[in-house]
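Chemist: mmCIF, C-alpha atoms, saved as my_file15.cif, coming up:
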data_start
loop_
_atom_site.label_atom_id
_atom_site.label_comp_id
_atom_site.auth_asym_id
_atom_site.auth_seq_id
_atom_site.Cartn_x
_atom_site.Cartn_y
_atom_site.Cartn_z
CA ARG A 683 88.99 95.82 83.98
CA SER A 684 86.25 93.27 84.15
CA PHE A 685 83.82 92.93 87.03
CA ARG A 686 82.61 89.56 88.33
CA SER A 687 79.01 88.92 87.35
CA GLU A 688 76.18 89.77 89.74
CA THR A 689 74.04 86.73 90.44
CA HIS A 690 71.01 86.27 88.19
CA SER A 691 68.83 83.50 86.75
CA THR A 692 69.53 81.32 83.75
CA VAL A 693 69.14 82.64 80.21
CA GLN A 694 65.86 80.77 79.93
CA MET A 695 64.53 82.47 83.04
CA ARG A 696 65.57 85.88 81.67
CA ILE A 697 63.71 85.24 78.42
CA LYS A 698 60.67 84.07 80.30
CA ALA A 699 60.82 87.06 82.61
CA SER A 700 61.00 89.56 79.75
CA GLN A 701 58.06 87.92 77.97
CA SER A 702 55.65 87.44 80.84
CA SER A 703 56.87 89.73 83.62
CA GLY A 704 57.69 86.55 85.53
CA ASP A 705 58.97 86.05 89.04
CA ARG A 706 61.54 88.72 89.77
CA HIS A 707 63.01 88.37 93.22
CA SER A 708 64.02 91.55 95.00
CA GLN A 709 64.66 92.51 98.57
CA SER A 710 65.30 95.68 100.53
CA LYS A 711 68.93 96.64 100.39
CA SER A 712 68.92 98.22 103.82
CA MET A 713 66.74 99.39 106.66
CA VAL A 714 68.65 102.65 106.63
CA LEU A 715 67.31 105.56 104.64
CA GLN A 716 70.13 107.72 103.28
CA ASP A 717 69.75 111.43 103.96
CA SER A 718 71.86 113.00 101.27
CA ASP A 719 71.20 113.67 97.61
CA LEU A 720 72.48 116.22 95.19
CA PRO A 721 70.74 119.53 95.81
CA GLN A 722 71.54 120.85 92.36
CA LYS A 723 70.35 117.72 90.57
CA PRO A 724 66.70 116.84 90.02
CA ILE A 725 65.44 114.51 92.74
CA SER A 726 64.62 111.15 91.22
CA ARG A 727 61.00 110.14 91.08
CA HIS A 728 62.11 106.54 91.23
CA ARG A 729 63.91 106.25 94.58
CA ARG A 730 62.59 103.27 96.52
CA ASN A 731 62.70 105.22 99.74
CA GLN A 732 60.14 107.83 98.71
CA SER A 733 56.74 106.97 100.06
CA GLN A 734 54.48 108.87 97.71
CA HIS A 735 54.54 106.12 95.06
CA ASN A 736 51.66 103.70 94.69
CA VAL A 737 53.57 100.49 95.41
CA ALA A 738 51.24 98.12 93.63
CA GLY A 739 50.06 100.10 90.61
CA THR A 740 48.86 98.62 87.37
CA LEU A 741 51.81 96.93 85.68
CA ALA A 742 50.31 97.00 82.22
CA SER A 743 50.36 100.79 82.14
CA GLU A 744 54.08 100.96 82.89
CA PRO A 745 56.23 100.69 79.75
CA SER A 746 59.40 98.62 79.73
CA VAL A 747 62.56 100.72 79.89
CA GLU A 748 65.37 99.46 77.67
CA PHE A 749 68.48 101.15 76.27
CA LYS A 750 70.26 99.41 73.44
CA GLY A 751 73.71 100.56 74.53
CA GLU A 752 76.12 103.43 75.09
CA ASN A 753 79.64 103.94 76.44
CA LEU A 754 79.68 105.03 80.11
CA ASN A 755 82.52 105.29 82.60
CA VAL A 756 81.94 102.67 85.29
CA ALA A 757 83.69 101.91 88.59
CA ARG A 758 82.73 99.19 91.07
CA ILE A 759 83.59 100.45 94.57
CA SER A 760 82.05 97.63 96.60
CA GLU A 761 81.29 93.96 96.04
CA SER A 762 78.69 92.42 98.36
CA GLY A 763 79.50 95.04 100.98
CA LYS A 764 83.30 94.68 100.70
CA LYS A 765 85.02 97.87 99.60
CA GLN A 766 87.14 97.80 96.46
CA ARG A 767 89.62 100.23 94.99
CA LYS A 768 87.87 102.57 92.61
CA THR A 769 89.06 102.17 89.03
CA TRP A 770 87.16 103.87 86.22
CA THR A 771 86.73 101.88 83.01
CA SER A 772 84.85 102.78 79.84
CA MET A 773 82.14 100.11 79.38
CA TRP A 774 79.52 99.48 76.71
CA THR A 775 76.37 99.66 78.85
CA VAL A 776 73.02 98.06 78.02
CA LEU A 777 69.82 98.44 80.07
CA THR A 778 66.97 95.92 80.01
CA SER A 779 63.77 95.96 82.05
CA ASP A 780 65.44 94.40 85.11
CA HIS A 781 69.18 94.18 84.42
CA LEU A 782 72.09 96.50 83.65
CA MET A 783 74.81 94.85 81.59
CA PHE A 784 78.40 96.01 81.13
CA TYR A 785 80.45 94.87 78.15
CA LYS A 786 84.10 95.50 77.39
CA ASP A 787 83.03 97.07 74.10
CA ARG A 788 80.17 97.04 71.61
CA GLN A 789 81.60 94.08 69.73
CA GLN A 790 81.51 91.94 72.88
CA GLU A 791 77.75 92.40 73.13
CA THR A 792 77.10 91.18 69.60
CA SER A 793 79.65 88.37 69.68
CA LEU A 794 78.80 87.00 73.14
CA LYS A 795 77.73 83.38 72.91
CA PRO A 796 74.93 81.91 75.08
CA GLY A 797 76.37 81.18 78.50
CA GLY A 798 79.31 83.52 77.89
CA LYS A 799 80.48 85.83 80.66
CA THR A 800 79.56 89.47 80.92
CA ASP A 801 78.91 91.80 83.86
CA VAL A 802 75.25 91.74 84.81
CA VAL A 803 73.72 93.86 87.58
CA GLN A 804 70.29 92.83 88.83
CA LEU A 805 68.15 95.92 89.40
CA GLY A 806 65.53 94.34 91.67
CA GLY A 807 65.76 96.04 95.07
CA ALA A 808 68.49 98.45 93.93
CA VAL A 809 68.89 102.15 94.80
CA VAL A 810 70.12 104.83 92.39
CA GLU A 811 71.21 108.30 93.52
CA TRP A 812 73.43 111.20 92.45
CA THR A 813 76.70 111.63 94.34
CA THR A 814 79.48 114.19 94.58
CA GLU A 815 81.33 112.57 97.49
CA LYS A 816 82.50 109.39 95.79
CA SER A 817 84.37 111.03 92.91
CA SER A 818 85.80 114.34 91.80
CA LYS A 819 84.33 113.71 88.35
CA LYS A 820 81.18 115.52 87.32
CA ASN A 821 77.83 113.88 86.48
CA VAL A 822 78.36 110.82 88.70
CA PHE A 823 75.55 108.70 90.11
CA GLN A 824 75.70 105.60 92.27
CA LEU A 825 73.85 102.30 91.86
CA THR A 826 73.62 100.09 94.96
CA THR A 827 72.29 96.55 94.48
CA ASN A 828 70.27 94.56 96.99
CA THR A 829 73.37 92.42 97.63
CA GLY A 830 75.40 95.43 98.78
CA SER A 831 77.49 95.94 95.64
CA GLU A 832 78.04 99.57 94.65
CA TYR A 833 78.75 100.99 91.20
CA LEU A 834 79.58 104.52 90.09
CA LEU A 835 78.43 105.52 86.60
CA GLN A 836 79.53 108.71 84.84
CA ALA A 837 79.30 110.53 81.53
CA ASP A 838 81.07 113.74 80.58
CA ASN A 839 77.81 115.08 79.17
CA TYR A 840 75.16 115.83 81.82
CA ALA A 841 72.26 115.11 79.46
CA THR A 842 73.65 111.63 78.83
CA ALA A 843 74.20 110.94 82.53
CA ASN A 844 70.74 112.22 83.44
CA LYS A 845 69.12 110.13 80.70
CA TRP A 846 70.69 106.95 82.11
CA TYR A 847 69.95 107.97 85.69
CA ASP A 848 66.25 108.38 84.89
CA ALA A 849 66.08 105.20 82.83
CA ILE A 850 67.76 103.05 85.50
CA GLY A 851 65.52 104.63 88.13
CA LYS A 852 62.43 103.70 86.13
CA ALA A 853 63.70 100.14 85.67
CA VAL A 854 64.36 99.82 89.42
CA HIS A 855 60.93 101.16 90.29
CA SER A 856 59.24 98.96 87.72
CA SER A 857 61.06 95.91 89.10
CA VAL A 858 59.90 96.69 92.65
CA ARG A 859 56.30 97.08 91.50
CA THR A 860 56.44 93.88 89.44
CA HIS A 861 57.87 91.85 92.31
CA PHE A 862 55.29 93.19 94.76
CA PHE A 863 52.35 92.57 92.42
CA LEU A 864 53.39 89.08 91.34
CA ASN A 865 54.21 87.88 94.85
CA HIS A 866 50.83 88.90 96.21
CA GLN A 867 49.02 87.72 93.11
CA HIS A 868 50.63 84.31 93.65
CA SER A 869 49.77 84.28 97.37
CA SER A 870 46.10 84.90 96.58
CA LEU A 871 45.66 82.16 93.96
CA PRO A 872 42.72 79.81 94.74
CA ASP A 873 43.19 76.18 95.66
CA ARG A 874 43.62 73.77 92.76
CA GLY A 875 40.31 73.11 91.08
CA SER A 876 38.63 76.22 92.41
CA LEU A 877 37.93 79.15 90.11
CA LYS A 878 36.37 81.43 92.69
CA HIS A 879 38.37 84.21 94.34
CA SER A 880 37.78 85.06 97.95
CA THR A 881 36.37 88.52 98.57
CA SER A 882 39.04 88.93 101.26
CA ASP A 883 41.90 88.79 98.71
CA SER A 884 41.57 92.43 97.79
CA ALA A 885 41.48 93.49 101.43
CA ASP A 886 44.56 91.35 102.16
CA LYS A 887 46.46 92.98 99.32
CA ASN A 888 45.53 96.45 100.50
CA GLY A 889 46.56 95.58 104.04
CA VAL A 890 49.98 94.35 102.93
CA LYS A 891 50.39 97.37 100.65
CA ASN A 892 49.57 99.79 103.44
CA ARG A 893 51.88 98.05 105.90
CA LEU A 894 54.68 98.16 103.35
CA LYS A 895 54.17 101.87 102.71
CA LYS A 896 54.06 102.54 106.46
CA PHE A 897 57.29 100.59 106.96
CA ILE A 898 59.08 102.53 104.24
CA THR A 899 58.01 105.93 105.59
CA ARG A 900 58.95 105.02 109.17
CA ARG A 901 62.45 103.71 108.45
CA PRO A 902 64.98 105.71 110.50
CA SER A 903 67.46 107.84 108.63
CA MET A 904 71.21 107.30 108.78
CA LYS A 905 71.57 110.51 110.80
CA THR A 906 69.04 109.32 113.39
CA LEU A 907 70.78 105.96 113.82
CA GLN A 908 74.15 107.69 114.16
CA GLU A 909 72.80 110.10 116.79
CA LYS A 910 71.46 107.15 118.80
CA GLY A 911 74.81 105.37 118.57
CA LEU A 912 73.40 102.43 116.61
CA ILE A 913 75.66 103.17 113.65
CA LYS A 914 79.16 104.57 114.10
CA ASP A 915 81.12 106.54 111.55
CA ARG A 916 83.71 104.43 109.79
CA VAL A 917 87.44 105.05 109.70
CA PHE A 918 88.34 102.71 106.84
CA GLY A 919 86.88 103.84 103.52
CA CYS A 920 86.14 107.34 104.79
CA HIS A 921 87.32 110.42 102.89
CA LEU A 922 90.49 111.78 104.46
CA SER A 923 89.11 115.31 104.80
CA THR A 924 85.83 114.03 106.29
CA LEU A 925 87.66 111.84 108.81
CA CYS A 926 90.00 114.64 109.88
CA GLN A 927 87.12 117.08 110.20
CA ARG A 928 85.24 114.60 112.38
CA GLU A 929 88.29 114.03 114.59
CA GLU A 930 89.17 117.75 114.60
CA THR A 931 92.71 117.08 113.42
CA THR A 932 94.71 117.18 110.18
CA VAL A 933 96.16 113.66 110.53
CA PRO A 934 93.85 110.70 111.26
CA LYS A 935 94.29 109.31 114.78
CA PHE A 936 94.60 105.77 113.42
CA VAL A 937 97.54 106.80 111.23
CA ARG A 938 99.33 108.44 114.18
CA THR A 939 98.67 105.41 116.39
CA CYS A 940 100.09 102.98 113.80
CA LEU A 941 103.19 105.08 113.10
CA ASP A 942 103.86 105.44 116.83
CA ALA A 943 103.58 101.65 117.26
CA VAL A 944 106.04 100.99 114.42
CA ASP A 945 108.45 103.63 115.78
CA LYS A 946 108.23 101.95 119.15
CA ARG A 947 108.74 98.29 118.19
CA GLY A 948 109.10 97.84 114.45
CA LEU A 949 111.99 99.91 113.10
CA GLU A 950 114.44 97.02 113.35
CA VAL A 951 112.07 94.28 112.17
CA ASP A 952 113.21 92.52 109.01
CA GLY A 953 111.06 93.51 106.00
CA ILE A 954 108.94 96.03 107.86
CA TYR A 955 106.10 97.19 105.50
CA ARG A 956 107.26 94.66 102.88
CA VAL A 957 106.23 91.51 104.76
CA SER A 958 102.49 90.86 104.94
CA GLY A 959 100.70 90.24 108.23
CA ASN A 960 97.95 87.71 108.84
CA LEU A 961 94.98 88.94 106.79
CA ALA A 962 92.35 87.62 109.21
CA THR A 963 93.99 89.47 112.11
CA ILE A 964 94.30 92.63 109.97
CA GLN A 965 90.57 92.46 109.21
CA LYS A 966 89.88 91.97 112.92
CA LEU A 967 91.92 95.08 113.69
CA ARG A 968 90.03 96.97 111.03
CA PHE A 969 86.71 95.95 112.59
CA VAL A 970 87.88 97.11 116.03
CA VAL A 971 88.97 100.48 114.60
CA ASP A 972 85.62 101.00 112.86
CA GLN A 973 83.50 99.93 115.85
CA GLU A 974 85.40 101.13 118.92
CA GLU A 975 86.78 104.50 119.92
CA ASP A 976 89.76 103.32 121.99
CA LEU A 977 92.51 101.33 120.30
CA ASP A 978 95.44 99.81 122.19
CA LEU A 979 98.03 98.48 119.74
CA ASP A 980 100.15 97.31 122.69
CA HIS A 981 97.56 94.60 123.37
CA SER A 982 98.87 91.06 122.85
CA GLN A 983 96.51 90.35 119.95
CA TRP A 984 98.33 93.01 117.89
CA GLU A 985 101.83 91.89 118.90
CA ASP A 986 102.75 91.06 115.29
CA ILE A 987 103.91 94.45 113.99
CA HIS A 988 103.22 93.27 110.42
CA VAL A 989 99.49 93.25 111.31
CA VAL A 990 99.77 96.93 112.27
CA THR A 991 101.64 97.88 109.09
CA GLY A 992 99.22 95.78 107.02
CA ALA A 993 96.24 97.62 108.52
CA LEU A 994 97.91 100.99 107.88
CA LYS A 995 98.50 100.12 104.22
CA MET A 996 94.91 98.89 103.95
CA PHE A 997 93.67 102.21 105.37
CA PHE A 998 95.48 104.15 102.63
CA ARG A 999 94.39 101.73 99.88
CA GLU A 1000 90.72 102.02 100.87
CA LEU A 1001 90.60 105.82 100.82
CA PRO A 1002 87.90 106.82 98.29
CA GLU A 1003 90.47 109.31 96.97
CA PRO A 1004 94.16 108.51 97.53
CA LEU A 1005 96.58 110.49 99.68
CA PHE A 1006 97.86 111.97 96.40
CA PRO A 1007 94.48 113.26 95.10
CA PHE A 1008 93.34 112.26 91.62
CA ARG A 1009 93.72 115.73 90.14
CA PHE A 1010 97.37 115.78 91.24
CA PHE A 1011 98.33 112.44 89.67
CA GLN A 1012 99.36 113.78 86.26
CA PRO A 1013 101.10 116.93 87.64
CA PHE A 1014 103.25 114.70 89.88
CA VAL A 1015 104.07 112.49 86.88
CA GLU A 1016 105.15 115.57 84.91
CA ALA A 1017 107.21 116.82 87.85
CA ILE A 1018 109.10 113.54 88.24
CA LYS A 1019 110.08 113.72 84.55
CA VAL A 1020 112.04 116.94 85.13
CA LYS A 1021 115.72 116.24 84.52
CA GLU A 1022 117.45 118.88 86.65
CA SER A 1023 117.50 117.85 90.34
CA LYS A 1024 116.81 121.23 92.00
CA SER A 1025 114.03 122.04 89.58
CA LYS A 1026 112.47 118.63 90.22
CA ILE A 1027 112.59 119.17 93.99
CA GLN A 1028 110.95 122.58 93.66
CA ALA A 1029 108.26 121.25 91.31
CA VAL A 1030 107.36 118.40 93.67
CA LYS A 1031 107.52 120.67 96.73
CA LYS A 1032 105.20 123.20 95.10
CA LEU A 1033 102.64 120.49 94.31
CA ILE A 1034 102.69 119.16 97.89
CA GLN A 1035 102.16 122.68 99.23
CA GLU A 1036 99.04 122.92 97.04
CA LEU A 1037 97.52 119.78 98.57
CA PRO A 1038 94.61 120.02 101.03
CA LYS A 1039 95.85 120.43 104.61
CA PRO A 1040 94.93 116.85 105.75
CA ASN A 1041 96.75 115.33 102.76
CA GLN A 1042 99.77 117.55 103.24
CA ASP A 1043 100.13 116.96 107.00
CA THR A 1044 99.47 113.22 106.76
CA MET A 1045 102.03 112.95 103.97
CA LYS A 1046 104.62 114.88 105.99
CA LEU A 1047 104.13 112.67 109.06
CA LEU A 1048 104.27 109.48 107.00
CA PHE A 1049 107.45 110.38 105.09
CA SER A 1050 109.12 111.57 108.31
CA HIS A 1051 108.38 108.12 109.74
CA LEU A 1052 109.66 106.33 106.61
CA ASN A 1053 112.89 108.29 106.97
CA ARG A 1054 113.30 106.75 110.42
CA VAL A 1055 112.63 103.32 108.89
CA LEU A 1056 115.46 103.96 106.42
CA ALA A 1057 117.80 104.92 109.25
CA PHE A 1058 117.61 101.28 110.38
CA SER A 1059 117.97 99.82 106.88
CA ARG A 1060 120.94 97.65 107.93
CA LYS A 1061 118.65 95.74 110.27
CA ASN A 1062 115.24 95.92 108.59
CA LEU A 1063 116.73 95.51 105.08
CA MET A 1064 114.40 98.14 103.63
CA SER A 1065 115.70 100.52 100.93
CA THR A 1066 114.23 103.62 99.31
CA GLN A 1067 113.43 101.52 96.26
CA GLY A 1068 111.73 98.86 98.38
CA ILE A 1069 109.61 101.44 100.19
CA GLY A 1070 108.76 103.06 96.84
CA ILE A 1071 107.52 99.72 95.49
CA VAL A 1072 105.36 99.14 98.58
CA PHE A 1073 103.91 102.63 98.95
CA GLY A 1074 103.78 103.82 95.31
CA PRO A 1075 100.48 102.11 94.38
CA THR A 1076 99.23 102.44 97.98
CA LEU A 1077 99.38 106.23 98.13
CA MET A 1078 98.50 107.20 94.56
CA TRP A 1079 96.64 105.86 91.54
CA PRO A 1080 94.87 107.47 88.56
CA GLU A 1081 91.14 108.01 88.69
CA LEU A 1082 90.55 106.57 85.22
CA ASP A 1083 92.28 103.36 84.22
CA SER A 1084 93.78 104.25 80.86
CA GLY A 1085 95.30 100.82 80.30
CA ASN A 1086 98.83 102.02 81.16
CA MET A 1087 98.97 100.23 84.50
CA ALA A 1088 102.61 99.16 84.15
CA VAL A 1089 103.70 102.68 83.14
CA ASN A 1090 101.71 104.25 85.94
CA MET A 1091 103.24 101.90 88.48
CA VAL A 1092 106.75 102.94 87.43
CA TYR A 1093 105.88 106.60 88.00
CA GLN A 1094 104.08 105.84 91.27
CA ASN A 1095 107.16 104.11 92.65
CA GLN A 1096 109.53 106.81 91.37
CA ILE A 1097 107.48 109.64 92.87
CA VAL A 1098 107.30 108.06 96.33
CA GLU A 1099 110.99 107.12 96.23
CA PHE A 1100 112.02 110.63 95.16
CA ILE A 1101 109.92 112.32 97.86
CA LEU A 1102 111.40 109.94 100.44
CA ILE A 1103 114.98 110.72 99.36
CA GLU A 1104 114.38 114.49 99.28
CA SER A 1105 111.88 114.61 102.16
CA ARG A 1106 114.08 116.78 104.39
CA GLU A 1107 114.16 119.47 101.73
CA ILE A 1108 110.56 119.01 100.55
CA PHE A 1109 108.98 118.98 104.01
CA ASN A 1110 111.58 121.17 105.80
CA LEU A 1111 112.10 118.37 108.33
CA ASP A 1112 115.25 119.93 109.80
CA LYS A 1113 113.37 123.13 110.68
CA LYS A 1114 111.37 123.33 113.88
#
Write the structure described by the file as structure tokens, please.

Modeler:
Amino acid sequence: RSFRSETHSTVQMRIKASQSSGDRHSQSKSMVLQDSDLPQKPISRHRRNQSQHNVAGTLASEPSVEFKGENLNVARISESGKKQRKTWTSMWTVLTSDHLMFYKDRQQETSLKPGGKTDVVQLGGAVVEWTTEKSSKKNVFQLTTNTGSEYLLQADNYATANKWYDAIGKAVHSSVRTHFFLNHQHSSLPDRGSLKHSTSDSADKNGVKNRLKKFITRRPSMKTLQEKGLIKDRVFGCHLSTLCQREETTVPKFVRTCLDAVDKRGLEVDGIYRVSGNLATIQKLRFVVDQEEDLDLDHSQWEDIHVVTGALKMFFRELPEPLFPFRFFQPFVEAIKVKESKSKIQAVKKLIQELPKPNQDTMKLLFSHLNRVLAFSRKNLMSTQGIGIVFGPTLMWPELDSGNMAVNMVYQNQIVEFILIESREIFNLDKK
């Protein structure tokens, strides 16, 4: 799956930049300093938020970091700050001194014509860090650009992943140093016709350098801003287990609130869950949920029940790991292939019982609710097949896109439909 290209200069500007260390624009990605890093991984020497670096060192002594190319697993999880569904794709990855380029395969790199499209990530102002929270895969690190786009990169071999992590870190650090040096070199150029440099130039540079270092070291951490209430924990895009732990429950409050609202005024609505609500209003509801503690879905601005169901579906789609966790995707596919009905029920039931408690309880509450939706199928015109089509790709998807999207979608729909049909037996709904 192809990514849209990150913004960068023309080809001529790239050539000029690589030859003369030209004007590379970068900016700070955030005023927030992230606390976490992998304790078991080596801490990068190239993180922008570490203050011990000499910000304006001698550029000539720093070698250019370039990798000719290698296959890495790549997933873009955010574009300019907007969260995206995580889909892993094997990409031919090439690193230059200030860009990271992703190609569909090695042949695309060699056959790409000037002006042709590829996926280019500008490293100026970027942050690179190891992560274990964004994926269940091993050897995963995250690259965040200065425009707010986020990429996950992974290799099965730790040595390979660490090699790329270090190389990208060096390129990021080198880009920061180059930008800082060139900007202040340009600002201190003499007036036209004058060849003499002011003796104050050096002092000015040192003053700016010291102020920049002081700013970096004094930036508040994410934890500090959260404790002061300046930044609130999100609901959308948060891991299900993390959200439930924070709320001290096993089913997110937002999910309960939405299901209660639909039970109250949406069971008889034509096309409930199938019909889309107004996207702008859904995004407004999402913002309210992420920024405010109290949510009243009986308020007139949420009177369209399709906005509520749209926000609920968006919540499940934006989970970093779906309600059916990645490691359970293939086992559920194998279970749904079982021919004999009772054996299939037992296989699916056993898998659900092995799920983490938040996933299991949220799933039980959701399918209990969908059973009530089906009870009004004569009025809302929703069938088990229709609900399966809506919720199949919303509740489960594979971690690595293997190119079998159509096949996967068939299984996704079948699994959700089967669980819905057999939910009383699977979740023991008739037992108190």

Chemist: So the first atom is CA of Asn1090 (chain A) and the second is CA of Asn1041 (chain A); what is the distance between them in Å, to one decimal place?

Modeler: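 So the two atoms, CA of Asn1090 (chain A) and CA of Asn1041 (chain A), lie 20.7 Å apart.
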
Chemist: The PyMOL selection byres ((chain A and resi 759) around 9) - which residues does that actually catch in the file I just gave you? List them as a list of chain:residue names.

Modeler: A:Ala757, A:Arg758, A:Ser760, A:Glu761, A:Lys764, A:Lys765, A:Gln766, A:Arg767, A:Lys768, A:Thr769, A:Ser831, A:Glu832, A:Tyr833, A:Leu834, A:Pro1002

Chemist: Compare A:Gly992, A:Gly959, A:Pro1040, A:Glu1003 by their minimum atom-to-atom distance to Leu925 (chain A), counting all atoms listed in the file, and give me the closest one.

Modeler: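 Going through A:Gly992, A:Gly959, A:Pro1040, A:Glu1003 one by one, the smallest distance to Leu925 (chain A) is for A:Pro1040.
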
Chemist: Can you give me, as number ranges by chain, the residues this file yields under the PyMOL selection byres ((chain A and resi 995) around 9)?

Modeler: A: 955, 990-994, 996-1000, 1072-1073, 1076-1077

Chemist: With 3 Å of padding per side, what axis-aligned box (centre and edge lengths, Å, one decimal) covers all the listed atoms of region 844-847 of chain A? Give it as lines of an AutoDock Vina configuration file.

Modeler:
center_x = 69.9
center_y = 109.6
center_z = 83.2
size_x = 7.6
size_y = 11.3
size_z = 11.0

Chemist: Could you tell me how far CA of Arg956 (chain A) sits from CA of Ala1088 (chain A), in Å to one decimal place?

Modeler: 19.8 Å

Chemist: Have a look at CA of His921 (chain A) and CA of Asn960 (chain A) and let me know their distance in Å, one decimal.

Modeler: 25.8 Å

Chemist: Would you mind telling me which residue in A:Leu1047, A:Leu805, A:Leu777, A:Val933 lies nearest to Ser1105 (chain A) when using only C-alpha atoms?

Modeler: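 Comparing A:Leu1047, A:Leu805, A:Leu777, A:Val933 against Ser1105 (chain A), the winner is A:Leu1047.
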
Chemist: For a cut-off of 12 Å around (100.2, 113.7, 100.8), file coordinates, pick out all residues using all atoms listed in the file and list them as a ChimeraX atom specification.

Modeler: /A:922-923,932-933,998,1003-1008,1010-1011,1014,1030-1031,1033-1050,1073-1074,1076-1078,1097-1098,1101-1102,1105,1108-1109

Chemist: Please determine, counting all atoms listed in the file, which residue among A:Val822, A:Val917, A:Leu894, A:Ile1069 has the shortest atom-to-atom distance to Leu1001 (chain A).

Modeler: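 That would be A:Val917, the residue with the smallest distance to Leu1001 (chain A).
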
Chemist: Would you pull region 919-957 of chain A out of the block just shown and save C-alpha atoms as a PDB file, in the first residue's frame?

Modeler:
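File written: result.pdb
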ATOM      1  CA  GLY A 919      -6.395   6.045  19.309  1.00  0.00           C
ATOM      2  CA  CYS A 920      -5.569   4.786  22.800  1.00  0.00           C
ATOM      3  CA  HIS A 921      -4.772   1.119  23.436  1.00  0.00           C
ATOM      4  CA  LEU A 922      -7.839  -0.661  24.784  1.00  0.00           C
ATOM      5  CA  SER A 923      -5.996  -2.086  27.803  1.00  0.00           C
ATOM      6  CA  THR A 924      -4.415   1.303  28.601  1.00  0.00           C
ATOM      7  CA  LEU A 925      -7.765   3.088  28.370  1.00  0.00           C
ATOM      8  CA  CYS A 926      -9.530   0.533  30.572  1.00  0.00           C
ATOM      9  CA  GLN A 927      -6.725   0.638  33.118  1.00  0.00           C
ATOM     10  CA  ARG A 928      -6.948   4.429  33.248  1.00  0.00           C
ATOM     11  CA  GLU A 929     -10.729   4.328  33.687  1.00  0.00           C
ATOM     12  CA  GLU A 930     -10.524   1.392  36.136  1.00  0.00           C
ATOM     13  CA  THR A 931     -12.964  -0.682  34.110  1.00  0.00           C
ATOM     14  CA  THR A 932     -12.887  -3.515  31.569  1.00  0.00           C
ATOM     15  CA  VAL A 933     -15.143  -1.775  29.017  1.00  0.00           C
ATOM     16  CA  PRO A 934     -14.379   1.808  27.907  1.00  0.00           C
ATOM     17  CA  LYS A 935     -16.918   4.333  29.209  1.00  0.00           C
ATOM     18  CA  PHE A 936     -17.354   5.795  25.733  1.00  0.00           C
ATOM     19  CA  VAL A 937     -18.363   2.389  24.350  1.00  0.00           C
ATOM     20  CA  ARG A 938     -20.941   1.896  27.124  1.00  0.00           C
ATOM     21  CA  THR A 939     -22.315   5.401  26.623  1.00  0.00           C
ATOM     22  CA  CYS A 940     -22.740   4.904  22.858  1.00  0.00           C
ATOM     23  CA  LEU A 941     -24.378   1.483  23.202  1.00  0.00           C
ATOM     24  CA  ASP A 942     -26.772   2.839  25.837  1.00  0.00           C
ATOM     25  CA  ALA A 943     -27.719   5.718  23.513  1.00  0.00           C
ATOM     26  CA  VAL A 944     -28.426   3.346  20.609  1.00  0.00           C
ATOM     27  CA  ASP A 945     -30.436   1.020  22.881  1.00  0.00           C
ATOM     28  CA  LYS A 946     -32.423   4.011  24.018  1.00  0.00           C
ATOM     29  CA  ARG A 947     -33.264   5.662  20.682  1.00  0.00           C
ATOM     30  CA  GLY A 948     -31.727   3.812  17.757  1.00  0.00           C
ATOM     31  CA  LEU A 949     -32.870   0.185  17.685  1.00  0.00           C
ATOM     32  CA  GLU A 950     -35.734   0.914  15.305  1.00  0.00           C
ATOM     33  CA  VAL A 951     -33.875   3.385  13.070  1.00  0.00           C
ATOM     34  CA  ASP A 952     -33.607   2.279   9.451  1.00  0.00           C
ATOM     35  CA  GLY A 953     -30.041   1.212   8.572  1.00  0.00           C
ATOM     36  CA  ILE A 954     -28.634   1.649  12.061  1.00  0.00           C
ATOM     37  CA  TYR A 955     -24.797   1.173  11.884  1.00  0.00           C
ATOM     38  CA  ARG A 956     -25.029   0.850   8.084  1.00  0.00           C
ATOM     39  CA  VAL A 957     -25.950   4.479   7.354  1.00  0.00           C
TER      40      VAL A 957
END
